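**Q** Contents of query08.txt (compact mmCIF, C-alpha atoms and all ligand atoms) are given next:
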# COMPACT_ATOMS: atom_id res chain seq x y z
CA MET L 1 -12.30 6.72 -29.88
CA GLY L 2 -11.42 7.63 -26.32
CA GLU L 3 -10.52 5.52 -23.33
CA ALA L 4 -12.73 4.87 -20.30
CA ILE L 5 -10.97 4.54 -16.96
CA VAL L 6 -12.68 3.56 -13.71
CA ILE L 7 -11.23 4.70 -10.37
CA THR L 8 -12.15 2.21 -7.68
CA SER L 9 -10.99 0.77 -4.34
CA GLY L 10 -13.44 -1.36 -2.40
CA LYS L 11 -13.00 0.65 0.75
CA GLY L 12 -14.54 4.09 1.14
CA GLY L 13 -12.66 7.23 2.00
CA VAL L 14 -9.32 6.24 0.48
CA GLY L 15 -9.27 8.91 -2.24
CA LYS L 16 -11.22 7.72 -5.30
CA THR L 17 -13.11 10.96 -5.77
CA THR L 18 -10.02 13.08 -5.08
CA THR L 19 -8.08 11.01 -7.61
CA THR L 20 -10.81 11.24 -10.27
CA ALA L 21 -11.02 15.03 -9.92
CA ASN L 22 -7.26 15.51 -10.04
CA ILE L 23 -6.54 13.19 -12.94
CA GLY L 24 -9.48 14.72 -14.81
CA ALA L 25 -8.31 18.29 -14.30
CA GLY L 26 -4.72 17.28 -15.06
CA LEU L 27 -5.65 15.64 -18.37
CA ALA L 28 -7.81 18.64 -19.28
CA LYS L 29 -4.89 20.96 -18.57
CA GLN L 30 -2.88 18.91 -21.08
CA GLY L 31 -5.53 19.77 -23.65
CA LYS L 32 -7.39 16.47 -23.63
CA LYS L 33 -11.16 16.36 -23.93
CA VAL L 34 -12.30 14.79 -20.68
CA ALA L 35 -15.60 13.73 -19.13
CA LEU L 36 -15.95 12.71 -15.49
CA ILE L 37 -18.82 10.46 -14.44
CA ASP L 38 -19.84 10.40 -10.80
CA ALA L 39 -21.10 6.82 -10.46
CA ASP L 40 -21.63 7.10 -6.72
CA ILE L 41 -25.40 7.34 -7.02
CA GLY L 42 -27.01 8.58 -3.82
CA LEU L 43 -23.72 9.94 -2.45
CA ARG L 44 -22.86 12.59 -5.00
CA ASN L 45 -19.48 14.16 -4.25
CA LEU L 46 -17.39 14.71 -7.34
CA ASP L 47 -19.35 17.90 -8.05
CA VAL L 48 -18.26 19.57 -4.81
CA VAL L 49 -14.66 18.41 -5.13
CA MET L 50 -14.66 20.00 -8.60
CA GLY L 51 -16.47 23.11 -7.34
CA LEU L 52 -19.37 22.60 -9.75
CA GLU L 53 -22.20 21.86 -7.34
CA ASN L 54 -24.16 25.00 -8.25
CA ARG L 55 -24.45 24.15 -11.90
CA ILE L 56 -26.25 20.82 -11.74
CA VAL L 57 -29.52 20.57 -13.62
CA TYR L 58 -29.72 16.95 -14.73
CA ASP L 59 -27.85 13.86 -13.61
CA LEU L 60 -26.70 10.40 -14.67
CA VAL L 61 -30.03 8.74 -13.91
CA ASP L 62 -31.93 11.39 -15.89
CA VAL L 63 -29.76 10.57 -18.90
CA VAL L 64 -30.02 6.80 -18.54
CA GLU L 65 -33.79 7.01 -18.17
CA GLY L 66 -34.00 9.21 -21.25
CA PHE L 67 -35.39 12.12 -19.28
CA ALA L 68 -32.49 14.37 -20.31
CA LYS L 69 -30.09 14.42 -23.23
CA LEU L 70 -26.46 13.70 -22.39
CA LYS L 71 -25.33 17.08 -23.74
CA HIS L 72 -27.80 18.85 -21.45
CA ALA L 73 -26.71 16.92 -18.37
CA LEU L 74 -22.96 17.42 -18.85
CA ILE L 75 -21.69 20.36 -16.81
CA LYS L 76 -18.84 22.36 -18.24
CA ASP L 77 -15.94 22.98 -15.87
CA LYS L 78 -15.16 26.55 -14.73
CA ARG L 79 -11.47 26.37 -15.59
CA PHE L 80 -11.27 24.21 -18.69
CA GLU L 81 -13.72 24.27 -21.55
CA ASN L 82 -12.65 20.75 -22.54
CA LEU L 83 -13.61 19.25 -19.16
CA TYR L 84 -17.12 18.05 -18.29
CA LEU L 85 -18.87 16.38 -15.38
CA LEU L 86 -21.86 14.07 -15.45
CA PRO L 87 -23.10 14.22 -11.84
CA ALA L 88 -24.62 11.36 -9.90
CA ALA L 89 -28.27 11.43 -8.88
CA GLN L 90 -28.59 12.33 -5.23
CA THR L 91 -32.08 11.10 -4.48
CA ARG L 92 -31.89 7.69 -6.14
CA ASP L 93 -29.93 4.54 -5.42
CA LYS L 94 -27.56 2.28 -7.35
CA THR L 95 -30.38 0.08 -8.67
CA ALA L 96 -31.64 3.01 -10.77
CA VAL L 97 -28.94 2.11 -13.32
CA SER L 98 -27.83 -1.25 -14.74
CA PRO L 99 -24.35 -2.31 -15.90
CA GLU L 100 -25.69 -2.62 -19.47
CA GLN L 101 -26.98 0.95 -19.40
CA MET L 102 -23.64 2.16 -18.09
CA ARG L 103 -21.78 0.28 -20.81
CA ASP L 104 -23.93 1.95 -23.47
CA LEU L 105 -23.56 5.40 -21.95
CA VAL L 106 -19.78 5.16 -21.54
CA GLY L 107 -19.46 3.76 -25.06
CA GLN L 108 -21.40 6.73 -26.40
CA MET L 109 -19.24 9.19 -24.42
CA LYS L 110 -16.00 7.60 -25.62
CA GLU L 111 -16.88 8.67 -29.15
CA GLU L 112 -16.78 12.29 -28.12
CA PHE L 113 -14.12 12.41 -25.41
CA ASP L 114 -10.44 11.42 -25.23
CA TYR L 115 -10.94 10.23 -21.68
CA VAL L 116 -14.01 9.19 -19.71
CA LEU L 117 -13.15 8.86 -16.02
CA ILE L 118 -15.61 6.99 -13.82
CA ASP L 119 -15.61 7.62 -10.06
CA SER L 120 -16.73 4.37 -8.44
CA PRO L 121 -18.63 4.09 -5.16
CA ALA L 122 -17.19 2.01 -2.33
CA GLY L 123 -18.19 -1.63 -2.06
CA ILE L 124 -18.33 -4.60 -4.42
CA GLU L 125 -22.06 -4.62 -5.09
CA GLN L 126 -24.09 -3.17 -7.91
CA GLY L 127 -22.62 0.33 -7.67
CA PHE L 128 -19.18 -1.12 -8.31
CA LYS L 129 -20.48 -3.30 -11.12
CA ASN L 130 -22.11 -0.28 -12.74
CA ALA L 131 -18.92 1.74 -12.45
CA VAL L 132 -16.65 -0.87 -14.04
CA ALA L 133 -19.08 -2.02 -16.72
CA GLY L 134 -17.98 0.35 -19.46
CA ALA L 135 -14.35 0.80 -18.44
CA ASP L 136 -11.35 -0.18 -20.55
CA LYS L 137 -8.92 0.28 -17.70
CA ALA L 138 -9.12 0.32 -13.90
CA LEU L 139 -7.13 2.30 -11.35
CA VAL L 140 -7.26 0.86 -7.85
CA VAL L 141 -6.66 3.40 -5.09
CA ALA L 142 -5.33 2.10 -1.76
CA THR L 143 -3.83 3.68 1.33
CA PRO L 144 -0.99 1.95 3.21
CA GLU L 145 -3.31 0.39 5.77
CA VAL L 146 -4.34 -3.20 6.36
CA SER L 147 -8.06 -2.72 5.69
CA SER L 148 -7.50 -0.70 2.53
CA VAL L 149 -4.97 -3.15 1.08
CA ARG L 150 -7.23 -6.06 1.89
CA ASP L 151 -10.18 -4.46 0.09
CA ALA L 152 -7.96 -3.50 -2.84
CA ASP L 153 -6.95 -7.14 -3.12
CA ARG L 154 -10.61 -8.17 -3.33
CA ILE L 155 -11.29 -5.60 -6.02
CA ILE L 156 -8.24 -6.68 -8.02
CA GLY L 157 -9.50 -10.27 -7.83
CA LEU L 158 -12.93 -9.22 -9.09
CA LEU L 159 -11.47 -7.14 -11.92
CA GLU L 160 -9.16 -9.94 -12.98
CA ALA L 161 -12.03 -12.44 -12.91
CA GLN L 162 -13.86 -10.19 -15.39
CA GLU L 163 -10.81 -10.38 -17.64
CA LYS L 164 -10.61 -6.62 -17.71
CA HIS L 165 -7.39 -4.89 -18.47
CA ARG L 166 -5.05 -5.62 -15.57
CA PRO L 167 -5.67 -2.93 -12.97
CA PHE L 168 -3.10 -0.31 -11.98
CA LEU L 169 -2.36 0.74 -8.43
CA ILE L 170 -2.38 4.23 -6.98
CA ILE L 171 -1.05 4.43 -3.44
CA ASN L 172 -2.57 7.41 -1.64
CA ARG L 173 -1.85 9.22 1.63
CA ILE L 174 1.60 7.81 2.16
CA ARG L 175 3.61 9.53 4.88
CA ALA L 176 7.37 9.48 4.44
CA SER L 177 8.07 10.12 8.13
CA MET L 178 6.04 7.09 9.19
CA VAL L 179 7.50 4.89 6.47
CA LYS L 180 10.95 5.87 7.66
CA LYS L 181 10.12 4.81 11.21
CA GLY L 182 8.80 1.49 9.97
CA ASP L 183 5.30 2.40 11.07
CA MET L 184 3.76 2.50 7.63
CA MET L 185 3.94 0.05 4.74
CA ASP L 186 6.07 1.43 1.94
CA ILE L 187 5.61 1.28 -1.83
CA ASP L 188 7.51 -2.00 -2.22
CA ASP L 189 5.51 -3.68 0.53
CA MET L 190 2.25 -2.80 -1.17
CA ILE L 191 3.37 -3.84 -4.65
CA GLU L 192 4.67 -7.11 -3.29
CA ILE L 193 1.39 -7.89 -1.60
CA LEU L 194 -0.98 -6.73 -4.33
CA ALA L 195 1.20 -7.80 -7.27
CA ILE L 196 -0.06 -5.23 -9.77
CA GLU L 197 1.62 -2.45 -11.68
CA LEU L 198 2.09 0.85 -9.88
CA LEU L 199 0.81 3.97 -11.61
CA GLY L 200 1.62 6.50 -8.92
CA VAL L 201 2.12 7.40 -5.29
CA VAL L 202 0.35 10.38 -3.74
CA PRO L 203 1.62 11.67 -0.41
CA GLU L 204 -0.55 12.76 2.47
CA ASP L 205 -0.93 16.47 1.86
CA GLU L 206 -2.87 19.22 3.60
CA ALA L 207 -3.21 20.89 0.22
CA ILE L 208 -5.79 18.20 -0.63
CA VAL L 209 -8.02 19.38 2.20
CA VAL L 210 -7.55 23.02 1.25
CA SER L 211 -8.25 22.32 -2.40
CA THR L 212 -11.36 20.32 -1.50
CA ASN L 213 -12.52 23.24 0.64
CA ARG L 214 -12.20 25.53 -2.35
CA GLY L 215 -13.39 23.10 -5.01
CA GLU L 216 -10.12 23.42 -6.94
CA PRO L 217 -8.22 20.21 -7.69
CA ALA L 218 -4.71 20.17 -6.17
CA VAL L 219 -3.22 19.07 -9.47
CA LEU L 220 -3.47 22.72 -10.53
CA ASN L 221 -1.52 23.89 -7.48
CA LEU L 222 2.16 23.95 -8.39
CA GLN L 223 3.21 24.13 -4.73
CA SER L 224 1.40 20.96 -3.71
CA LYS L 225 3.30 17.66 -3.45
CA ALA L 226 0.11 15.68 -4.00
CA GLY L 227 -0.54 17.93 -6.99
CA GLU L 228 2.86 17.02 -8.39
CA ALA L 229 2.13 13.33 -7.84
CA TYR L 230 -1.12 13.69 -9.77
CA ARG L 231 0.62 15.58 -12.57
CA ASN L 232 3.04 12.66 -12.85
CA ILE L 233 0.16 10.17 -12.95
CA VAL L 234 -1.44 12.15 -15.77
CA ARG L 235 1.78 12.07 -17.77
CA ARG L 236 2.09 8.30 -17.23
CA LEU L 237 -1.49 7.79 -18.43
CA GLU L 238 -0.46 9.70 -21.54
CA GLY L 239 2.29 7.15 -22.09
CA GLU L 240 5.23 9.17 -20.83
CA GLU L 241 7.83 7.49 -18.62
CA VAL L 242 8.06 9.50 -15.43
CA PRO L 243 10.21 8.33 -12.52
CA MET L 244 8.46 7.93 -9.16
CA MET L 245 8.65 11.11 -7.12
CA LYS L 246 11.03 10.88 -4.22
CA LEU L 247 9.04 10.90 -1.03
CA GLU L 248 10.33 13.36 1.46
CA ASP L 249 9.86 13.58 5.11
CA GLU L 250 7.26 16.32 5.61
CA SER L 251 9.50 18.08 8.11
CA ARG L 252 12.44 18.04 5.71
CA PHE L 253 10.22 19.23 2.93
CA MET L 254 9.00 22.17 5.02
CA TYR L 255 12.59 22.98 5.90
CA LYS L 256 13.58 23.03 2.24
CA LEU L 257 10.53 25.05 1.34
CA ARG L 258 11.33 27.63 4.00
CA LYS L 259 14.89 27.79 2.79
CA MET L 260 13.70 28.21 -0.76
CA MET L 261 11.48 31.07 0.30
CA GLY L 262 14.42 32.75 1.94
CA PHE L 263 13.86 31.94 5.61
CA LYS L 264 16.91 30.97 7.58
CA GLY L 265 17.04 27.87 9.67
CA MET Q 1 18.33 1.71 2.87
CA PHE Q 2 15.69 2.39 5.49
CA ASP Q 3 15.10 -1.32 5.73
CA LEU Q 4 18.72 -1.84 6.59
CA PHE Q 5 18.51 1.02 9.03
CA ALA Q 6 15.48 -0.55 10.68
CA LYS Q 7 17.23 -3.91 10.89
CA VAL Q 8 20.44 -2.53 12.32
CA PHE Q 9 18.48 -0.84 15.03
CA GLY Q 10 16.45 -3.95 15.69
CA ARG Q 11 13.02 -2.70 14.70
CA ASP Q 12 11.51 -6.01 13.68
CA ASP Q 13 8.62 -5.02 15.89
CA ALA Q 14 7.93 -2.02 13.63
CA SER Q 15 4.19 -1.91 13.15
CA LYS Q 16 4.46 -2.24 9.38
CA GLU Q 17 5.90 -5.73 9.83
CA VAL Q 18 2.88 -6.61 11.95
CA ALA Q 19 0.62 -5.14 9.28
CA LYS Q 20 2.29 -7.15 6.52
CA GLU Q 21 2.11 -10.39 8.44
CA ARG Q 22 -1.56 -9.91 9.26
CA LEU Q 23 -2.33 -8.98 5.67
CA ARG Q 24 -0.56 -12.05 4.36
CA LEU Q 25 -2.70 -14.31 6.48
CA VAL Q 26 -5.97 -12.57 5.87
CA LEU Q 27 -5.32 -12.49 2.11
CA VAL Q 28 -4.70 -16.22 1.98
CA HIS Q 29 -8.18 -16.75 3.35
CA ASP Q 30 -9.70 -14.07 1.11
CA ARG Q 31 -8.00 -15.33 -2.04
CA ALA Q 32 -8.84 -18.96 -1.40
CA SER Q 33 -12.34 -17.70 -0.58
CA LEU Q 34 -12.02 -19.70 2.58
CA SER Q 35 -13.27 -18.00 5.71
CA PRO Q 36 -11.99 -19.04 9.13
CA GLN Q 37 -15.36 -20.79 9.50
CA ALA Q 38 -14.85 -22.70 6.24
CA LEU Q 39 -11.40 -23.72 7.42
CA GLU Q 40 -12.98 -25.01 10.62
CA ASP Q 41 -15.49 -27.03 8.57
CA LEU Q 42 -12.69 -28.44 6.45
CA LYS Q 43 -10.87 -29.42 9.60
CA ASN Q 44 -13.90 -31.24 10.97
CA ASP Q 45 -14.44 -33.09 7.70
CA LEU Q 46 -10.80 -34.14 7.60
CA LEU Q 47 -11.05 -35.31 11.19
CA LYS Q 48 -14.08 -37.44 10.34
CA VAL Q 49 -12.46 -39.10 7.35
CA ILE Q 50 -9.12 -39.78 8.99
CA SER Q 51 -10.81 -41.12 12.11
CA GLU Q 52 -12.19 -43.97 10.04
CA TYR Q 53 -8.63 -45.21 9.66
CA MET Q 54 -6.83 -44.02 12.75
CA ASP Q 55 -7.49 -42.97 16.26
CA ILE Q 56 -6.40 -39.34 16.30
CA ASP Q 57 -5.90 -36.85 19.07
CA ASP Q 58 -8.42 -34.19 18.09
CA GLN Q 59 -7.05 -31.74 20.65
CA GLY Q 60 -3.68 -31.58 18.93
CA PHE Q 61 -5.17 -31.61 15.42
CA ARG Q 62 -4.16 -28.50 13.42
CA VAL Q 63 -4.88 -27.36 9.89
CA ASP Q 64 -3.39 -24.13 8.66
CA PHE Q 65 -2.11 -22.27 5.70
CA SER Q 66 1.60 -21.89 5.58
CA ARG Q 67 4.01 -19.99 3.41
CA HIS Q 68 7.01 -21.67 1.85
CA ASP Q 69 8.96 -19.00 0.02
CA ASP Q 70 6.48 -17.92 -2.62
CA ALA Q 71 4.12 -20.86 -2.47
CA MET Q 72 1.20 -21.45 -0.16
CA ALA Q 73 0.50 -24.83 1.37
CA LEU Q 74 -2.24 -26.27 3.47
CA VAL Q 75 -0.47 -27.99 6.31
CA ALA Q 76 -2.13 -30.44 8.66
CA ASN Q 77 -0.62 -31.71 11.88
CA ILE Q 78 -2.43 -34.87 12.95
CA PRO Q 79 -1.25 -36.58 16.16
CA ILE Q 80 -2.11 -40.28 16.04
CA ARG Q 81 -3.05 -42.26 19.15
CA SER Q 82 -3.16 -45.60 17.40
CA VAL Q 83 -3.75 -47.05 14.00
CA LYS Q 84 -6.88 -49.14 13.75
CA ARG Q 85 -6.47 -52.78 12.91
CA LYS Q 86 -8.24 -53.55 9.68
CA SER Q 87 -10.78 -56.26 10.11
CA LEU Q 88 -10.65 -58.81 7.37
N1 LIG M 1 -3.39 12.56 -0.34
C1 LIG M 1 -4.27 13.05 0.56
N2 LIG M 1 -3.85 13.85 1.58
C2 LIG M 1 -4.74 14.34 2.48
N3 LIG M 1 -6.06 14.08 2.47
C3 LIG M 1 -6.54 13.28 1.50
C4 LIG M 1 -5.69 12.72 0.49
N4 LIG M 1 -6.45 11.97 -0.34
C5 LIG M 1 -7.73 12.06 0.12
N5 LIG M 1 -7.80 12.84 1.21
C6 LIG M 1 -9.02 13.15 1.98
O1 LIG M 1 -9.63 11.93 2.35
C7 LIG M 1 -11.03 12.04 2.32
C8 LIG M 1 -11.63 10.95 1.46
O2 LIG M 1 -11.27 11.16 0.11
P1 LIG M 1 -12.26 10.83 -1.09
O3 LIG M 1 -11.54 11.17 -2.34
O4 LIG M 1 -13.59 11.44 -0.88
O5 LIG M 1 -12.37 9.24 -0.93
P2 LIG M 1 -13.37 8.19 -1.61
O6 LIG M 1 -13.91 8.82 -2.84
O7 LIG M 1 -12.52 7.01 -1.89
O8 LIG M 1 -14.42 7.89 -0.59
C9 LIG M 1 -11.35 13.43 1.82
O9 LIG M 1 -11.66 14.23 2.92
C10 LIG M 1 -10.05 13.88 1.17
O10 LIG M 1 -9.88 15.28 1.25
MG MG M 2 -16.01 9.07 -3.40
Represent the structure of the file as structure tokens.
**A**
Amino acid sequence: MGEAIVITSGKGGVGKTTTTANIGAGLAKQGKKVALIDADIGLRNLDVVMGLENRIVYDLVDVVEGFAKLKHALIKDKRFENLYLLPAAQTRDKTAVSPEQMRDLVGQMKEEFDYVLIDSPAGIEQGFKNAVAGADKALVVATPEVSSVRDADRIIGLLEAQEKHRPFLIINRIRASMVKKGDMMDIDDMIEILAIELLGVVPEDEAIVVSTNRGEPAVLNLQSKAGEAYRNIVRRLEGEEVPMMKLEDESRFMYKLRKMMGFKG
Amino acid sequence: MFDLFAKVFGRDDASKEVAKERLRLVLVHDRASLSPQALEDLKNDLLKVISEYMDIDDQGFRVDFSRHDDAMALVANIPIRSVKRKSL
């Protein structure tokens, strides 16, 4: 019996989809059997981040409505044969699916997969309720900004009210240079405010944009700092104790990288 | 370490401190599910009840959340003009 994990945040654009794709690919690389569910009905995105947009035939709503079999709707990843995506419907809205239906579907998928990762839409309405319905565990993604932390706090409150497993925090897009200047909240500030357990910290990284352009999760890129952060998160999910990555000033990091590659200066 | 650095160089105005302070306040309202409007309503209700016993200065009347170490308190400041004489 596998584990279902929802990736959520309240606020949009903070990195839920990026996180789902990277953790999914990272777990698959470790040999786990993984299914990703894009629960952002009407705003399908996980397919493009994974580079699988050309393979979609059926979607989540087709399966829930019994129009397609689950095994026909699941798209096999290009890189890993143990990684699958169940895409969101693009021309429907959140009301096409109910929390009960999601619970049944996720329950069914957990019998076949080690991990079922659910990419939640923004908001706290039905789309969110659908996404969390079948989940055993929740990862809350937040960036070090007032609006994002505030929304994360709301989500944490809602998850705790449902007596779900206590959510874990992923801090995304942190910038060491700004933290150093005192112009960005740091890890301790965010943990103090949100009072939940930290699962990982992902730095701001151009490699995320490049990897999204190509449809190849950054977790597979050994040069990427964000990729390294996601690899660490994957190992922690697997129960390994991995110390938090030291955040480096981007400029210092570039300097070291150049030195490593043999440039002087 | 950086904290110390920031303090030594007097950066209490660093924008993250502003962010934290604003978040603290906004989260008190969010967590208590009390909007600024609800707080205003509460204040008016309090004013009504207390006015039955005392003559209060409603201009100086303040109700706010306040932080004492780790605990939150609702603190009211109620300037009194005079206490009403109870009629027998
Ligand atoms: N660590 C990061 N560094 C740089 N860009 C990022 C990072 N995380 C996310 N992004 C970018 O932010 C945008 C929003 O991310 P996305 O995962 O789609 O958010 P959500 O699913 O929460 O709406 C995307 O363009 C993505 O490439
Ligand atoms: Mg998304």
**Q** Which residues sit within 8 Å of ligand MG 2 (chain M), counting all atoms listed in the file, listed as an NGL selection string?
**A** :L and (12-13 or 15-18 or 40 or 43-46 or 119-122)
**Q** Kindly provide, as a PyMOL selection string, all nucleotide and amino acid residues lying within 10 Å of ligand LIG 1 (chain M), counting all atoms listed in the file.
**A** chain L and resi 7-22+40+43-46+49+119-122+141-143+171-175+201-213+218+225-227+229-230
**Q** Distance cut-off 10 Å, counting only C-alpha atoms - which residues of chain L neighbour chain Q? Return them as a PyMOL selection string.
**A** chain L and resi 144-147+149-151+153-154+157+178-186+189-190+193-194
**Q** Please provide as a PDB file with C-alpha atoms, in the frame of the given file all residues within 7 Å of Lys33 (chain L), with the sequence filter that same-chain residues fewer than 4 positions apart are discarded (counting only C-alpha atoms).
**A**
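Produced file part.pdb, reproduced below:
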ATOM      1  CA  ALA L  28      -7.810  18.640 -19.280  1.00  0.00           C
ATOM      2  CA  ASN L  82     -12.650  20.750 -22.540  1.00  0.00           C
ATOM      3  CA  LEU L  83     -13.610  19.250 -19.160  1.00  0.00           C
ATOM      4  CA  PHE L 113     -14.120  12.410 -25.410  1.00  0.00           C
ATOM      5  CA  ASP L 114     -10.440  11.420 -25.230  1.00  0.00           C
ATOM      6  CA  TYR L 115     -10.940  10.230 -21.680  1.00  0.00           C
TER       7      TYR L 115
END
**Q** Please measure the separation of CA of Glu192 (chain L) and CA of Gly134 (chain L), giving the value in Å to one decimal.
**A**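 Atom-to-atom, CA of Glu192 (chain L) and CA of Gly134 (chain L) are spaced 28.8 Å apart.
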**Q** Which distance in Å separates CA of Gly26 (chain L) and CA of Leu220 (chain L), to one decimal?
**A**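 So the two atoms, CA of Gly26 (chain L) and CA of Leu220 (chain L), lie 7.2 Å apart.
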**Q** Report, in Å to a single decimal, how far apart CA of Val6 (chain L) and CA of Glu112 (chain L) are.
**A**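 CA of Glu112 (chain L) sits 17.3 Å away from CA of Val6 (chain L).
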**Q** Please determine the residues with any atom at most 8 Å from (-3.4, -21.7, 4.5) (coordinates as given in the file, with all atoms listed in the file counting) and report them as a PyMOL selection string.
**A** chain Q and resi 25+28-29+63-67+72-75
**Q** Return the single residue from Q:Ala38, Q:Ile78, Q:Leu47, Q:Ala32 that is closest to Gly60 (chain Q), with distances computed using all atoms listed in the file.
**A**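 Closest residue, counting all atoms listed in the file: Q:Ile78.
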**Q** When you look at Val140 (chain L) with a cut-off of 8 Å (counting only C-alpha atoms), what residues show up, excluding the ones that are within fewer than 4 positions of it in the same chain? I need them as a compact mmCIF listing (two decimals) with C-alpha atoms, keeping the file's coordinate frame.
**A**
# COMPACT_ATOMS: atom_id res chain seq x y z
CA ILE L 7 -11.23 4.70 -10.37
CA THR L 8 -12.15 2.21 -7.68
CA SER L 9 -10.99 0.77 -4.34
CA ALA L 152 -7.96 -3.50 -2.84
CA ILE L 155 -11.29 -5.60 -6.02
CA ILE L 156 -8.24 -6.68 -8.02
CA PRO L 167 -5.67 -2.93 -12.97
CA PHE L 168 -3.10 -0.31 -11.98
CA LEU L 169 -2.36 0.74 -8.43
CA ILE L 170 -2.38 4.23 -6.98
**Q** Do a neighbour search on region 90-106 of chain L at 6 Å with all atoms listed in the file, toss out local chain neighbours closer than 2 positions, and write the hits as number ranges by chain.
**A** L: 41-42, 44, 108-109, 127, 130, 133-134
